[in-house]
Amino acid sequence: EASTYLRAVHGMDRGRTRDVDFAFHRRVLAVAREAVRAGWARSAHDCAEGGLAVAVAESAVAGGVGAEIVVPGFGRRDAALFGEAPSRIVLSVPAAAAPALFALAAQWNAPVTVLGRVGGTRLRIAVAGATRPRRWDLDLSCDELRAAYDALAEVFA
């Protein structure tokens, strides 16, 4: 599947993202929009550019708060981390709001996957299926993420 990762890391511009199922996308957006309106969502970020790992990293940089995330494994590790499949939004909600979010998602027939917990000063991401004890695919402090983000911003300014 085409992605920013393929272009940036491997210099490849091939493949294509999956077609958008607009009915499904509308349902996912409705859940995210209602979570924001209800005040449950502490952050929301799409996975359109750079995939799940980039969405979570950008959220950590913006909020200055880390997380421990386990990405569902499906095929290649890089695809799980950086795949840009449509209609994926990462929401962070307090644990107390999770049941309400699950109920809302069920009403809209939209899937919800718990990825982990927000907190601390490090962002740790692993792909499910990694050998035990857990090996983090990414383990950086929020300060390291901020420095990398700022360096890239200078390059692309």
# chains A, B, ... in the order shown; residues from 1 in each chain; ligands from 1
>>> closest_atom_pairs(of="segment 80-116 of chain A", to="segment 34-48 of chain A", cutoff="6 Å", atoms="only C-alpha atoms", output="tab-separated table")
residue	atom	partner	partner_atom	distance
A:Glu84	CA	A:Ala48	CA	5.2
A:Arg88	CA	A:Cys47	CA	5.7
A:Ile89	CA	A:Asp46	CA	4.3
A:Val90	CA	A:His45	CA	5.2
A:Leu91	CA	A:Ala44	CA	4.5
A:Ser92	CA	A:Ser43	CA	5.3
A:Val93	CA	A:Ala41	CA	4.8
A:Ala97	CA	A:Trp40	CA	6.0
>>> select_by_dssp(residues="segment 70-149 of chain A", states="strand (DSSP E or B)", output="list in words")
Val70, Val71, Ile89, Val90, Leu91, Ser92, Gly116, Arg117, Val118, Arg122, Leu123, Arg124, Ile125, Ala126, Val127, Leu138, Asp139, Leu140 and Ser141 of chain A
>>> residues_around(residues="segment 25-33 of chain A", least_positions_apart="6", cutoff="7 Å", atoms="only C-alpha atoms", output="list of chain:residue names")
A:Ser87, A:Leu104, A:Ala105, A:Trp108, A:Ala110
>>> closest_residue(among="A:Pro72, A:Pro99, A:Gly51, A:Pro111", to="Pro86 of chain A", atoms="only C-alpha atoms")
A:Gly51
>>> residues_around(residues="segment 148-152 of chain A", least_positions_apart="2", cutoff="12 Å", atoms="only C-alpha atoms", output="ChimeraX atom specification")
/A:54,57-62,140-146,154-157
>>> select_by_dssp(residues="chain A", states="alpha helix (DSSP H)", output="number ranges by chain")
A: 4-10, 22-37, 51-63, 77-82, 98-107, 142-155
>>> residues_around(residues="Gly119 of chain A", least_positions_apart="5", cutoff="6 Å", atoms="only C-alpha atoms", output="compact mmCIF listing (two decimals) with N, CA, C and O atoms, in the first residue's frame")
# COMPACT_ATOMS: atom_id res chain seq x y z
N VAL A 65 2.76 14.62 26.25
CA VAL A 65 2.47 13.46 27.10
C VAL A 65 2.73 12.20 26.29
O VAL A 65 2.34 12.10 25.13
N GLY A 66 3.37 11.23 26.90
CA GLY A 66 3.69 9.97 26.24
C GLY A 66 2.53 8.99 26.28
O GLY A 66 1.41 9.31 26.69
N ALA A 67 2.84 7.76 25.87
CA ALA A 67 1.84 6.69 25.86
C ALA A 67 2.55 5.36 25.69
O ALA A 67 3.71 5.32 25.24
>>> closest_residue(among="A:Arg124, A:Phe82, A:Ala98, A:Gly129", to="Glu49 of chain A", atoms="only C-alpha atoms")
A:Phe82
>>> atom_distance(atom1="atom CA of Ala79 of chain A", atom2="atom CA of Leu52 of chain A")
9.6 Å
>>> residues_around(residues="Val114 of chain A", least_positions_apart="2", cutoff="9 Å", atoms="only C-alpha atoms", output="list in words")
Ile69, Val70, Val112, Gly116 and Arg117 of chain A
>>> write_last_selection(atoms="N, CA and C atoms", output="short mmCIF file (atom, residue, chain, number, x, y, z; two decimals), in the first residue's frame")
data_model
loop_
_atom_site.label_atom_id
_atom_site.label_comp_id
_atom_site.auth_asym_id
_atom_site.auth_seq_id
_atom_site.Cartn_x
_atom_site.Cartn_y
_atom_site.Cartn_z
N ILE A 69 1.56 2.01 23.61
CA ILE A 69 0.61 1.58 22.60
C ILE A 69 1.03 0.22 22.05
N VAL A 70 0.07 -0.67 21.88
CA VAL A 70 0.33 -1.94 21.21
C VAL A 70 -0.57 -1.98 19.97
N VAL A 112 -13.98 -0.16 17.29
CA VAL A 112 -13.10 0.52 18.23
C VAL A 112 -12.07 -0.49 18.69
N GLY A 116 -3.89 1.22 24.03
CA GLY A 116 -3.00 1.33 25.19
C GLY A 116 -3.43 2.44 26.11
N ARG A 117 -2.42 3.03 26.78
CA ARG A 117 -2.68 4.08 27.77
C ARG A 117 -1.82 5.30 27.50
#
>>> atom_distance(atom1="atom CA of Arg135 of chain A", atom2="atom CA of Arg77 of chain A")
12.5 Å
>>> atom_distance(atom1="atom CA of Ala80 of chain A", atom2="atom CA of Ala128 of chain A")
9.3 Å
>>> closest_residue(among="A:Ala23, A:Ala147, A:Val127, A:Ala153", to="Gly75 of chain A", atoms="only C-alpha atoms")
A:Val127
